[in-house]
$ cat input.cif   # mmCIF, C-alpha atoms
data_target
#
loop_
_atom_site.label_atom_id
_atom_site.label_comp_id
_atom_site.auth_asym_id
_atom_site.auth_seq_id
_atom_site.Cartn_x
_atom_site.Cartn_y
_atom_site.Cartn_z
CA MET A 1 19.29 22.34 69.71
CA LYS A 2 20.10 25.88 68.58
CA ARG A 3 23.65 26.99 67.90
CA PHE A 4 23.06 30.34 69.59
CA ASP A 5 21.96 28.63 72.80
CA CYS A 6 25.07 26.44 72.70
CA MET A 7 27.25 29.50 72.16
CA THR A 8 25.61 31.25 75.11
CA ALA A 9 26.31 28.20 77.27
CA LEU A 10 29.93 27.97 76.07
CA ALA A 11 30.53 31.68 76.62
CA LYS A 12 29.85 31.31 80.34
CA HIS A 13 32.86 29.01 80.59
CA LEU A 14 35.31 31.27 78.76
CA GLU A 15 37.55 33.92 80.23
CA ASP A 16 41.23 33.81 79.19
CA GLU A 17 40.83 31.50 76.20
CA LEU A 18 41.43 32.47 72.59
CA VAL A 19 38.85 31.55 69.95
CA ILE A 20 39.10 31.06 66.22
CA LEU A 21 35.82 30.68 64.41
CA SER A 22 34.36 29.86 61.09
CA LEU A 23 32.47 31.76 58.48
CA GLY A 24 28.82 32.48 57.90
CA ALA A 25 26.05 33.32 60.32
CA SER A 26 27.94 31.77 63.24
CA VAL A 27 30.19 34.84 63.19
CA ASP A 28 27.34 37.21 64.06
CA GLU A 29 25.90 34.72 66.54
CA TRP A 30 29.22 34.44 68.40
CA TYR A 31 29.67 38.21 68.31
CA ASN A 32 26.37 38.49 70.22
CA ALA A 33 26.52 35.36 72.37
CA ALA A 34 29.98 36.16 73.78
CA PRO A 35 30.47 39.95 73.82
CA HIS A 36 33.22 39.60 76.45
CA MET A 37 35.21 37.43 74.01
CA ARG A 38 35.09 39.75 70.96
CA GLU A 39 38.72 40.86 71.15
CA ALA A 40 39.79 37.31 72.04
CA SER A 41 38.08 35.85 68.97
CA LEU A 42 39.42 35.75 65.45
CA PHE A 43 36.49 36.00 63.08
CA GLN A 44 37.66 34.48 59.82
CA GLN A 45 35.96 33.68 56.53
CA GLN A 46 37.98 30.64 55.68
CA LEU A 47 36.47 27.24 54.93
CA GLY A 48 38.91 24.53 55.98
CA CYS A 49 41.30 26.87 57.80
CA VAL A 50 39.69 27.31 61.20
CA THR A 51 40.88 24.25 63.11
CA PRO A 52 44.34 24.29 61.45
CA GLN A 53 44.76 27.95 62.45
CA ALA A 54 43.57 27.17 65.96
CA PHE A 55 46.07 24.32 66.17
CA GLY A 56 48.87 26.62 64.99
CA LEU A 57 47.88 29.10 67.68
CA ALA A 58 47.80 26.29 70.24
CA ALA A 59 51.28 25.16 69.16
CA GLY A 60 52.61 28.70 69.54
CA LEU A 61 50.94 29.33 72.92
CA PRO A 62 51.11 25.96 74.67
CA HIS A 63 50.18 27.48 78.05
CA ARG A 64 46.94 28.99 76.73
CA ARG A 65 43.63 27.23 76.02
CA ILE A 66 42.53 27.65 72.41
CA VAL A 67 38.97 27.04 71.19
CA SER A 68 38.16 26.29 67.56
CA LEU A 69 34.56 26.92 66.50
CA ASP A 70 34.44 25.03 63.23
CA THR A 71 31.56 23.79 61.09
CA ASP A 72 30.57 20.59 59.32
CA GLY A 73 31.33 22.16 55.94
CA GLY A 74 34.59 23.61 57.18
CA MET A 75 35.84 20.43 58.83
CA MET A 76 34.96 18.28 55.83
CA PHE A 77 36.84 20.73 53.60
CA ASN A 78 40.06 19.54 55.27
CA LEU A 79 39.59 16.30 57.19
CA GLY A 80 43.36 15.85 57.26
CA ILE A 81 43.64 18.18 60.24
CA LEU A 82 41.99 15.46 62.35
CA ALA A 83 44.89 13.11 61.59
CA THR A 84 47.37 15.86 62.39
CA LEU A 85 45.64 16.47 65.73
CA GLY A 86 45.56 12.72 66.37
CA ASN A 87 49.32 12.52 66.05
CA GLU A 88 50.38 15.92 67.40
CA ARG A 89 48.03 15.59 70.40
CA PRO A 90 47.78 19.25 71.47
CA ASN A 91 46.78 19.40 75.13
CA ASN A 92 45.30 22.89 74.93
CA LEU A 93 42.95 22.73 71.95
CA PHE A 94 39.18 22.30 72.23
CA VAL A 95 37.36 21.90 68.91
CA ILE A 96 33.63 22.40 68.50
CA VAL A 97 32.06 21.56 65.16
CA TRP A 98 28.68 23.20 64.59
CA ASP A 99 27.02 20.52 62.47
CA ASN A 100 23.82 21.95 61.01
CA GLU A 101 24.00 19.54 58.07
CA CYS A 102 23.88 22.34 55.54
CA TYR A 103 25.78 25.22 53.94
CA GLN A 104 23.62 27.68 55.81
CA SER A 105 25.14 30.96 54.69
CA ILE A 106 24.34 30.32 51.03
CA GLY A 107 20.74 29.29 51.67
CA GLY A 108 21.02 25.83 53.12
CA PRO A 109 21.93 23.17 50.55
CA PRO A 110 22.84 19.96 52.41
CA THR A 111 26.35 18.93 53.42
CA HIS A 112 27.32 15.28 53.45
CA THR A 113 26.37 14.96 57.13
CA ALA A 114 22.70 15.47 56.19
CA SER A 115 22.54 11.91 54.87
CA GLY A 116 22.90 10.50 58.37
CA ARG A 117 25.74 8.24 57.22
CA VAL A 118 28.66 10.67 57.58
CA ASP A 119 29.82 10.99 61.19
CA ILE A 120 32.51 13.61 61.86
CA ALA A 121 33.08 12.49 65.46
CA ALA A 122 33.64 8.90 64.30
CA MET A 123 36.10 10.15 61.68
CA ALA A 124 37.93 12.09 64.40
CA ARG A 125 38.18 8.96 66.55
CA GLY A 126 39.41 7.05 63.53
CA ALA A 127 42.07 9.73 63.07
CA GLY A 128 43.37 9.18 66.60
CA VAL A 129 41.38 11.82 68.49
CA GLU A 130 39.87 9.46 71.04
CA LYS A 131 37.93 12.21 72.81
CA ALA A 132 35.45 12.97 70.03
CA PHE A 133 31.72 13.05 70.68
CA THR A 134 28.44 13.93 69.01
CA VAL A 135 25.94 15.82 71.15
CA ARG A 136 22.27 16.57 70.53
CA THR A 137 21.10 18.32 73.72
CA LEU A 138 22.18 21.51 75.43
CA GLU A 139 22.88 19.63 78.66
CA GLU A 140 25.23 17.20 76.89
CA PHE A 141 26.89 20.08 75.09
CA GLU A 142 27.59 22.03 78.24
CA ALA A 143 28.97 18.96 80.01
CA HIS A 144 31.38 18.37 77.12
CA CYS A 145 32.42 22.03 77.19
CA GLU A 146 33.49 21.60 80.79
CA SER A 147 35.41 18.42 79.96
CA GLY A 148 36.89 19.75 76.73
CA LEU A 149 38.13 22.98 78.29
CA ALA A 150 39.90 20.98 81.01
CA ALA A 151 41.22 18.17 78.81
CA ASP A 152 44.93 17.44 78.41
CA GLU A 153 44.50 15.93 74.96
CA PRO A 154 42.70 17.04 71.78
CA TYR A 155 38.94 17.10 72.32
CA VAL A 156 36.31 17.37 69.60
CA VAL A 157 32.59 17.94 70.12
CA VAL A 158 30.29 17.72 67.13
CA ALA A 159 27.17 19.68 68.08
CA LYS A 160 24.12 18.74 66.03
CA VAL A 161 22.34 22.07 65.70
CA ALA A 162 19.32 23.38 63.82
CA GLY A 163 19.85 25.06 60.48
CA THR A 164 18.38 28.30 61.76
CA VAL A 165 19.98 31.62 62.67
CA GLN A 166 19.19 33.61 65.78
CA PRO A 167 16.89 36.42 64.62
CA ASP A 168 17.38 40.13 65.23
CA ILE A 169 21.02 40.06 66.25
CA ARG A 170 23.51 42.82 65.60
CA ARG A 171 25.78 42.28 62.60
CA LYS A 172 29.53 42.48 63.13
CA HIS A 173 30.82 45.38 61.03
CA SER A 174 34.57 44.76 60.85
CA ASP A 175 36.29 42.86 58.04
CA GLY A 176 38.94 40.15 58.28
CA ARG A 177 41.82 42.58 58.26
CA GLU A 178 40.46 44.70 61.12
CA ASP A 179 39.56 41.55 63.03
CA LYS A 180 43.15 40.34 62.69
CA TYR A 181 44.53 43.56 64.17
CA ILE A 182 42.05 43.50 67.06
CA PHE A 183 42.91 39.87 67.80
CA VAL A 184 46.67 40.32 67.50
CA ARG A 185 46.63 43.36 69.80
CA HIS A 186 44.65 41.32 72.33
CA VAL A 187 47.19 38.49 72.19
CA GLU A 188 50.03 41.00 72.53
CA LYS A 189 48.39 42.63 75.55
CA THR A 190 47.48 39.43 77.36
CA GLU A 191 50.75 37.61 76.59
CA ASP A 192 52.96 40.70 77.02
CA ILE A 193 54.62 40.09 73.65
CA VAL A 194 55.04 41.96 70.36
CA ILE A 195 53.65 40.30 67.23
CA MET A 196 53.24 43.25 64.87
CA GLY A 197 55.80 45.75 66.06
CA PRO A 198 57.10 49.07 64.76
CA SER A 199 59.29 49.32 61.65
CA GLU A 200 62.96 50.22 61.87
CA HIS A 201 64.05 53.87 61.54
CA ASN A 202 66.40 53.96 58.57
CA MET B 1 70.72 18.20 49.10
CA LYS B 2 74.25 18.41 50.40
CA GLN B 3 74.67 18.58 54.15
CA SER B 4 76.12 22.07 53.77
CA ALA B 5 72.93 23.27 52.06
CA VAL B 6 70.78 21.65 54.75
CA ASP B 7 72.87 23.46 57.36
CA ALA B 8 72.43 26.76 55.52
CA VAL B 9 68.63 26.36 55.52
CA ILE B 10 68.58 25.67 59.24
CA ARG B 11 70.93 28.59 59.95
CA GLY B 12 68.62 30.87 57.95
CA LEU B 13 65.50 29.66 59.75
CA LYS B 14 67.14 30.18 63.13
CA ARG B 15 68.43 33.63 62.26
CA ALA B 16 64.88 34.51 61.20
CA GLY B 17 63.57 33.34 64.56
CA VAL B 18 61.66 30.30 63.32
CA SER B 19 60.72 27.75 65.97
CA ILE B 20 57.98 25.77 64.19
CA VAL B 21 58.18 24.16 60.74
CA CYS B 22 55.18 22.59 59.00
CA TYR B 23 56.08 20.24 56.20
CA LEU B 24 54.86 17.67 53.74
CA PRO B 25 57.98 15.80 52.66
CA ASP B 26 59.26 15.65 49.10
CA SER B 27 62.22 14.06 47.40
CA LEU B 28 64.45 17.06 46.59
CA PHE B 29 64.47 18.17 50.24
CA LYS B 30 64.65 14.63 51.60
CA GLU B 31 67.81 15.30 53.60
CA LEU B 32 66.34 18.47 55.09
CA TYR B 33 63.31 16.94 56.83
CA PRO B 34 65.13 14.57 59.22
CA ALA B 35 67.58 17.37 60.03
CA LEU B 36 64.67 19.63 60.97
CA ASP B 37 63.09 16.82 62.99
CA ALA B 38 66.35 16.30 64.86
CA ASP B 39 66.97 19.97 65.67
CA PRO B 40 66.18 20.67 69.32
CA ASP B 41 65.26 24.31 68.65
CA ILE B 42 62.66 23.56 65.99
CA ARG B 43 59.32 21.83 66.38
CA THR B 44 58.26 20.08 63.21
CA ILE B 45 54.61 19.42 62.38
CA ARG B 46 53.88 16.97 59.58
CA VAL B 47 50.71 17.82 57.70
CA THR B 48 48.36 15.99 55.34
CA ASN B 49 48.46 18.66 52.65
CA GLU B 50 50.28 21.92 52.21
CA GLY B 51 47.12 24.02 52.50
CA GLU B 52 46.63 22.66 55.98
CA GLY B 53 50.27 23.53 56.68
CA ALA B 54 49.74 27.09 55.46
CA ALA B 55 46.76 27.51 57.79
CA ILE B 56 48.72 26.11 60.74
CA CYS B 57 51.56 28.55 59.96
CA GLY B 58 48.98 31.36 59.94
CA GLY B 59 47.88 30.32 63.41
CA VAL B 60 51.48 30.25 64.60
CA PHE B 61 51.90 33.83 63.33
CA LEU B 62 48.98 34.88 65.53
CA SER B 63 50.75 33.41 68.56
CA GLY B 64 53.83 35.58 68.11
CA LYS B 65 56.05 32.62 67.22
CA ARG B 66 57.53 32.24 63.74
CA ALA B 67 56.74 29.35 61.43
CA ALA B 68 57.88 28.12 58.02
CA LEU B 69 56.02 26.05 55.45
CA VAL B 70 58.49 23.69 53.79
CA MET B 71 57.40 21.72 50.73
CA GLU B 72 57.82 20.83 47.08
CA ASN B 73 56.61 23.62 44.80
CA SER B 74 53.58 21.50 43.84
CA GLY B 75 52.42 22.24 47.38
CA LEU B 76 51.91 25.83 46.35
CA ARG B 77 48.97 24.69 44.25
CA ALA B 78 47.46 22.87 47.22
CA SER B 79 47.93 26.00 49.35
CA ILE B 80 46.41 28.63 47.08
CA GLU B 81 43.01 28.84 48.77
CA PRO B 82 44.20 29.29 52.37
CA LEU B 83 47.02 31.58 51.19
CA ALA B 84 44.57 33.79 49.31
CA ARG B 85 42.11 33.90 52.19
CA MET B 86 44.69 34.55 54.91
CA GLY B 87 46.99 36.83 52.97
CA LEU B 88 44.68 38.88 50.79
CA GLY B 89 41.69 38.75 53.14
CA ALA B 90 43.23 39.22 56.57
CA GLY B 91 46.93 40.07 56.20
CA ILE B 92 48.16 36.91 57.93
CA PRO B 93 51.56 36.03 56.42
CA VAL B 94 53.09 32.65 55.64
CA VAL B 95 56.75 32.28 54.66
CA MET B 96 57.36 29.36 52.31
CA LEU B 97 60.48 27.42 51.46
CA MET B 98 59.94 25.20 48.44
CA SER B 99 61.96 22.94 46.20
CA TYR B 100 61.87 24.01 42.56
CA ARG B 101 60.75 20.99 40.59
CA GLY B 102 60.13 21.34 36.88
CA GLU B 103 62.83 23.88 36.06
CA LEU B 104 65.39 23.22 33.32
CA GLY B 105 67.20 20.04 34.25
CA GLU B 106 64.04 18.30 35.47
CA ASN B 107 64.26 14.56 34.86
CA ASN B 108 60.71 13.48 35.74
CA TRP B 109 57.74 14.03 33.41
CA TRP B 110 55.31 14.36 36.34
CA ALA B 111 57.24 17.29 37.77
CA ILE B 112 57.13 19.38 34.60
CA PRO B 113 53.76 20.98 35.57
CA HIS B 114 55.33 22.21 38.81
CA GLY B 115 57.75 24.28 36.78
CA TYR B 116 55.04 25.72 34.55
CA THR B 117 52.84 26.77 37.44
CA MET B 118 55.05 27.90 40.34
CA GLU B 119 56.14 31.35 39.25
CA PRO B 120 52.83 32.34 37.56
CA LEU B 121 50.93 31.34 40.72
CA LEU B 122 53.30 33.28 42.97
CA ASN B 123 52.87 36.26 40.68
CA ALA B 124 49.08 35.85 40.62
CA LEU B 125 49.05 36.05 44.41
CA ARG B 126 51.60 38.90 44.27
CA VAL B 127 53.93 36.88 46.50
CA PRO B 128 57.52 38.12 46.19
CA TYR B 129 60.01 35.28 45.88
CA ARG B 130 63.63 34.50 45.25
CA VAL B 131 64.90 31.49 43.31
CA VAL B 132 68.15 30.40 44.93
CA ARG B 133 70.56 28.18 43.03
CA GLU B 134 73.73 29.04 44.95
CA GLU B 135 74.31 27.67 48.37
CA GLU B 136 75.87 30.84 49.73
CA MET B 137 72.58 32.71 49.08
CA ILE B 138 70.33 30.34 51.03
CA GLU B 139 70.73 31.66 54.56
CA GLN B 140 70.38 35.35 53.75
CA SER B 141 67.46 34.74 51.39
CA ILE B 142 65.49 33.06 54.15
CA VAL B 143 66.28 35.92 56.52
CA ASP B 144 65.24 38.44 53.84
CA ALA B 145 61.92 36.66 53.29
CA TYR B 146 61.02 36.96 56.97
CA GLU B 147 62.13 40.57 57.12
CA TRP B 148 59.83 41.37 54.22
CA SER B 149 56.86 39.33 55.41
CA TYR B 150 56.99 40.83 58.90
CA ASN B 151 56.82 44.31 57.46
CA ALA B 152 54.35 43.62 54.65
CA TYR B 153 52.26 41.14 56.67
CA TYR B 154 52.02 39.13 53.52
CA HIS B 155 53.44 35.91 52.19
CA SER B 156 56.90 35.50 50.69
CA ALA B 157 58.76 32.52 49.27
CA VAL B 158 62.22 31.12 48.70
CA ALA B 159 62.53 28.43 46.03
CA LEU B 160 65.66 26.30 46.05
CA GLY B 161 66.67 25.01 42.64
CA GLY B 162 69.58 23.96 40.49
CA SER B 163 72.55 22.24 42.08
CA VAL B 164 71.38 23.21 45.56
CA VAL B 165 68.76 20.46 45.45
CA ARG B 166 70.16 18.04 42.84
#

$ encode --input "input.cif" --output "C-alpha cells"
Amino acid sequence: MKRFDCMTALAKHLEDELVILSLGASVDEWYNAAPHMREASLFQQQLGCVTPQAFGLAAGLPHRRIVSLDTDGGMMFNLGILATLGNERPNNLFVIVWDNECYQSIGGPPTHTASGRVDIAAMARGAGVEKAFTVRTLEEFEAHCESGLAADEPYVVVAKVAGTVQPDIRRKHSDGREDKYIFVRHVEKTEDIVIMGPSEHN
Amino acid sequence: MKQSAVDAVIRGLKRAGVSIVCYLPDSLFKELYPALDADPDIRTIRVTNEGEGAAICGGVFLSGKRAALVMENSGLRASIEPLARMGLGAGIPVVMLMSYRGELGENNWWAIPHGYTMEPLLNALRVPYRVVREEEMIEQSIVDAYEWSYNAYYHSAVALGGSVVR
C-alpha cells in the first residue's frame, strides 16, 4: 500500500476539514494528492507535535473536523498524546498515522515499528482510544476514512505503507512561516474570525 | 499559593482572553490547578509532558482561541523542542506561566537545577519573560505577556516566584 494512493483516496472525502501534517516526503505528497486542501493544511516540520497541534485546533474549533496526518516516528516521539486523547475524547479529531516503519526522509533507517512487535494502534487502544485500527489495504483504509471522518470520538488509523515516495511530484516551495500565514488566513476566512489582526495605532 | 494570588492569575488569564489552559501539575501551583479546573470559563487539558502541552497550545492559537501553558519551570526544559520548532520555525506563539523553583530560598535539592536553567534557556530561545514576586503584579504581567505575544507572534513567559508561591 502506497501512502500517495491513500492520500489520494482520503482527499476525495475532504472539503471543509482542516489538516495538520507531519514532516518529510509526506508534505510534498499531500501537496500533490490534495491540491484543493493546500490552504486548509498546515505543513509543519515538527516531530512529535502534529497530533498535539491538531488536538489543540480541535479543542479550539469544536464544530470543525480536524485531521492529523502523523507518522510512526512522529507519534512514537510523543506517545503521551494518545493518553491525552483517550481522556479528553475529542469528537472532531481524526488521526492517521503513516507507518512506513522507517525514518524515510533521512534515508530510511528503521523505526521501532519495523520489528513487528511495536503496534501503535494497540498502544492507542491501551491509552483509551478504543477506535484505533491498523490497515494494510487501500480498501480498508478508505472505509476507515469514512468512519473516522464521521466519528464522534477520537479515531486513529495506522496505515501500513511502503517506504517509497511518489516519484516526479512537485515540491512545495513555502517554508513553515509562510505556511502558517496561509493556514491562519484560511481559518480566519472560513470561520469569519480574526486570529492575526492589525496592530493598534498609537 | 494564597487564594488571592490564585484569583489574580485567573483574573489575568481572563483579561487576556484565555479559554483553554494546558497543564502538568506541580507543587508550588498546587492551589491553582483545582481553581482552574473549577472555573466555568476555562477548559483545562491535563497533559503527559509540557512539550505536548506547548504543542496543544500552538494548535489552540491556530483556532483563534487563546491558551496558556501552566507548569513548573522544569517543564520549560521538556518544552524546548516544540517551542523552538513552533516559535522560531513557524511563528506560532505559546504563552507560559511557570512556577520559579530553584531561586534563592529553594528548600529542595532536586529543584536547584530548575533555577540554574530557567533564565538561560528563556534567553537562549529569546523568549521575553517577567519574574513576578509581588502579588499585585500578577494580573497585569499575564495581560502584558499576551499583548506582546500577539504582536510578536512569539512565545513569552511569566514566572511566579518568592512569596507569591511559597

$ resolve_selection --input "input.cif" --expression "the PyMOL selection byres ((chain B and resi 49) around 12)" --output "MDAnalysis selection string"
(chainID A and resid 48 52 77:81 83:84) or (chainID B and resid 22:26 45:48 50:56 69:72 74:80 82)

$ closest_residue --input "input.cif" --among "B:Ile42, B:Ala90, B:Leu28, B:Ala84" --to "chain A" --atoms "only C-alpha atoms"
B:Ala90

$ resolve_selection --input "input.cif" --expression "the PyMOL selection byres ((chain A) within 9 of (chain B))" --output "PyMOL selection string"
chain A and resi 44-61+78-81+83-84+88+175-181+183-184+187-188+193-199

$ write_last_selection --input "input.cif" --atoms "C-alpha atoms" --output "PDB file, in the coordinates of the input"
ATOM      1  CA  GLN A  44      37.660  34.480  59.820  1.00  0.00           C
ATOM      2  CA  GLN A  45      35.960  33.680  56.530  1.00  0.00           C
ATOM      3  CA  GLN A  46      37.980  30.640  55.680  1.00  0.00           C
ATOM      4  CA  LEU A  47      36.470  27.240  54.930  1.00  0.00           C
ATOM      5  CA  GLY A  48      38.910  24.530  55.980  1.00  0.00           C
ATOM      6  CA  CYS A  49      41.300  26.870  57.800  1.00  0.00           C
ATOM      7  CA  VAL A  50      39.690  27.310  61.200  1.00  0.00           C
ATOM      8  CA  THR A  51      40.880  24.250  63.110  1.00  0.00           C
ATOM      9  CA  PRO A  52      44.340  24.290  61.450  1.00  0.00           C
ATOM     10  CA  GLN A  53      44.760  27.950  62.450  1.00  0.00           C
ATOM     11  CA  ALA A  54      43.570  27.170  65.960  1.00  0.00           C
ATOM     12  CA  PHE A  55      46.070  24.320  66.170  1.00  0.00           C
ATOM     13  CA  GLY A  56      48.870  26.620  64.990  1.00  0.00           C
ATOM     14  CA  LEU A  57      47.880  29.100  67.680  1.00  0.00           C
ATOM     15  CA  ALA A  58      47.800  26.290  70.240  1.00  0.00           C
ATOM     16  CA  ALA A  59      51.280  25.160  69.160  1.00  0.00           C
ATOM     17  CA  GLY A  60      52.610  28.700  69.540  1.00  0.00           C
ATOM     18  CA  LEU A  61      50.940  29.330  72.920  1.00  0.00           C
ATOM     19  CA  ASN A  78      40.060  19.540  55.270  1.00  0.00           C
ATOM     20  CA  LEU A  79      39.590  16.300  57.190  1.00  0.00           C
ATOM     21  CA  GLY A  80      43.360  15.850  57.260  1.00  0.00           C
ATOM     22  CA  ILE A  81      43.640  18.180  60.240  1.00  0.00           C
ATOM     23  CA  ALA A  83      44.890  13.110  61.590  1.00  0.00           C
ATOM     24  CA  THR A  84      47.370  15.860  62.390  1.00  0.00           C
ATOM     25  CA  GLU A  88      50.380  15.920  67.400  1.00  0.00           C
ATOM     26  CA  ASP A 175      36.290  42.860  58.040  1.00  0.00           C
ATOM     27  CA  GLY A 176      38.940  40.150  58.280  1.00  0.00           C
ATOM     28  CA  ARG A 177      41.820  42.580  58.260  1.00  0.00           C
ATOM     29  CA  GLU A 178      40.460  44.700  61.120  1.00  0.00           C
ATOM     30  CA  ASP A 179      39.560  41.550  63.030  1.00  0.00           C
ATOM     31  CA  LYS A 180      43.150  40.340  62.690  1.00  0.00           C
ATOM     32  CA  TYR A 181      44.530  43.560  64.170  1.00  0.00           C
ATOM     33  CA  PHE A 183      42.910  39.870  67.800  1.00  0.00           C
ATOM     34  CA  VAL A 184      46.670  40.320  67.500  1.00  0.00           C
ATOM     35  CA  VAL A 187      47.190  38.490  72.190  1.00  0.00           C
ATOM     36  CA  GLU A 188      50.030  41.000  72.530  1.00  0.00           C
ATOM     37  CA  ILE A 193      54.620  40.090  73.650  1.00  0.00           C
ATOM     38  CA  VAL A 194      55.040  41.960  70.360  1.00  0.00           C
ATOM     39  CA  ILE A 195      53.650  40.300  67.230  1.00  0.00           C
ATOM     40  CA  MET A 196      53.240  43.250  64.870  1.00  0.00           C
ATOM     41  CA  GLY A 197      55.800  45.750  66.060  1.00  0.00           C
ATOM     42  CA  PRO A 198      57.100  49.070  64.760  1.00  0.00           C
ATOM     43  CA  SER A 199      59.290  49.320  61.650  1.00  0.00           C
TER      44      SER A 199
END

$ resolve_selection --input "input.cif" --expression "the PyMOL selection byres ((chain A and resi 71) around 7)" --output "PDB file with C-alpha atoms, keeping the file's coordinate frame"
ATOM      1  CA  SER A  22      34.360  29.860  61.090  1.00  0.00           C
ATOM      2  CA  LEU A  69      34.560  26.920  66.500  1.00  0.00           C
ATOM      3  CA  ASP A  70      34.440  25.030  63.230  1.00  0.00           C
ATOM      4  CA  ASP A  72      30.570  20.590  59.320  1.00  0.00           C
ATOM      5  CA  GLY A  73      31.330  22.160  55.940  1.00  0.00           C
ATOM      6  CA  GLY A  74      34.590  23.610  57.180  1.00  0.00           C
ATOM      7  CA  MET A  75      35.840  20.430  58.830  1.00  0.00           C
ATOM      8  CA  VAL A  97      32.060  21.560  65.160  1.00  0.00           C
ATOM      9  CA  TRP A  98      28.680  23.200  64.590  1.00  0.00           C
ATOM     10  CA  ASP A  99      27.020  20.520  62.470  1.00  0.00           C
TER      11      ASP A  99
END

$ atom_distance --input "input.cif" --atom1 "atom CA of Val95 of chain A" --atom2 "atom CA of Leu36 of chain B"
28.5 Å

$ residues_around --input "input.cif" --residues "Ser163 of chain B" --least-positions-apart "3" --cutoff "12 Å" --atoms "all atoms listed in the file" --output "short mmCIF file (atom, residue, chain, number, x, y, z; two decimals) with C-alpha atoms, in the coordinates of the input"
data_model
loop_
_atom_site.label_atom_id
_atom_site.label_comp_id
_atom_site.auth_asym_id
_atom_site.auth_seq_id
_atom_site.Cartn_x
_atom_site.Cartn_y
_atom_site.Cartn_z
CA MET B 1 70.72 18.20 49.10
CA LYS B 2 74.25 18.41 50.40
CA ALA B 5 72.93 23.27 52.06
CA LEU B 28 64.45 17.06 46.59
CA SER B 99 61.96 22.94 46.20
CA TYR B 100 61.87 24.01 42.56
CA ARG B 101 60.75 20.99 40.59
CA GLU B 103 62.83 23.88 36.06
CA LEU B 104 65.39 23.22 33.32
CA GLY B 105 67.20 20.04 34.25
CA GLU B 106 64.04 18.30 35.47
CA VAL B 132 68.15 30.40 44.93
CA ARG B 133 70.56 28.18 43.03
CA GLU B 134 73.73 29.04 44.95
CA GLU B 135 74.31 27.67 48.37
CA GLU B 136 75.87 30.84 49.73
CA LEU B 160 65.66 26.30 46.05
CA ARG B 166 70.16 18.04 42.84
#

$ atom_distance --input "input.cif" --atom1 "atom CA of Ser115 of chain A" --atom2 "atom CA of Val158 of chain A"
15.6 Å

$ residues_around --input "input.cif" --residues "Glu15 of chain A" --least-positions-apart "3" --cutoff "12 Å" --atoms "all atoms listed in the file" --output "list in words"
Leu10, Ala11, Lys12, Leu18, Val19, Ala34, Pro35, His36, Met37, Arg38, Glu39, Ala40, Ser41, Arg64, Arg65, Ile66, Val67, Leu149 and Thr190 of chain A

$ atom_distance --input "input.cif" --atom1 "atom CA of Ala152 of chain B" --atom2 "atom CA of Val27 of chain A"
27.1 Å

$ decode --input "input.cif" --residues "segment 54-67 of chain A" --atoms "N, CA and C atoms" --output "mmCIF file, in the first residue's frame"
data_model
loop_
_atom_site.group_PDB
_atom_site.id
_atom_site.type_symbol
_atom_site.label_atom_id
_atom_site.label_comp_id
_atom_site.auth_asym_id
_atom_site.auth_seq_id
_atom_site.Cartn_x
_atom_site.Cartn_y
_atom_site.Cartn_z
ATOM 1 N N ALA A 54 -2.944 19.277 16.296
ATOM 2 C CA ALA A 54 -4.269 19.001 15.735
ATOM 3 C C ALA A 54 -5.312 18.928 16.841
ATOM 4 N N PHE A 55 -4.944 18.345 17.968
ATOM 5 C CA PHE A 55 -5.890 18.287 19.091
ATOM 6 C C PHE A 55 -6.179 19.690 19.627
ATOM 7 N N GLY A 56 -5.149 20.531 19.726
ATOM 8 C CA GLY A 56 -5.367 21.904 20.171
ATOM 9 C C GLY A 56 -6.312 22.643 19.236
ATOM 10 N N LEU A 57 -6.132 22.431 17.947
ATOM 11 C CA LEU A 57 -7.014 23.040 16.949
ATOM 12 C C LEU A 57 -8.435 22.504 17.105
ATOM 13 N N ALA A 58 -8.539 21.196 17.355
ATOM 14 C CA ALA A 58 -9.863 20.585 17.541
ATOM 15 C C ALA A 58 -10.547 21.123 18.797
ATOM 16 N N ALA A 59 -9.750 21.368 19.842
ATOM 17 C CA ALA A 59 -10.319 21.917 21.079
ATOM 18 C C ALA A 59 -10.812 23.344 20.859
ATOM 19 N N GLY A 60 -10.090 24.096 20.036
ATOM 20 C CA GLY A 60 -10.466 25.487 19.785
ATOM 21 C C GLY A 60 -11.609 25.638 18.790
ATOM 22 N N LEU A 61 -11.778 24.654 17.913
ATOM 23 C CA LEU A 61 -12.848 24.698 16.900
ATOM 24 C C LEU A 61 -13.683 23.427 17.002
ATOM 25 N N PRO A 62 -14.458 23.295 18.068
ATOM 26 C CA PRO A 62 -15.151 22.026 18.308
ATOM 27 C C PRO A 62 -16.208 21.670 17.262
ATOM 28 N N HIS A 63 -16.613 22.644 16.449
ATOM 29 C CA HIS A 63 -17.628 22.391 15.425
ATOM 30 C C HIS A 63 -17.008 21.960 14.099
ATOM 31 N N ARG A 64 -15.675 21.930 14.037
ATOM 32 C CA ARG A 64 -14.976 21.687 12.770
ATOM 33 C C ARG A 64 -14.239 20.360 12.848
ATOM 34 N N ARG A 65 -14.230 19.591 11.770
ATOM 35 C CA ARG A 65 -13.493 18.326 11.763
ATOM 36 C C ARG A 65 -12.014 18.596 11.468
ATOM 37 N N ILE A 66 -11.153 18.068 12.311
ATOM 38 C CA ILE A 66 -9.712 18.247 12.169
ATOM 39 C C ILE A 66 -9.082 16.888 11.838
ATOM 40 N N VAL A 67 -8.141 16.904 10.899
ATOM 41 C CA VAL A 67 -7.447 15.674 10.503
ATOM 42 C C VAL A 67 -5.960 15.837 10.805
#
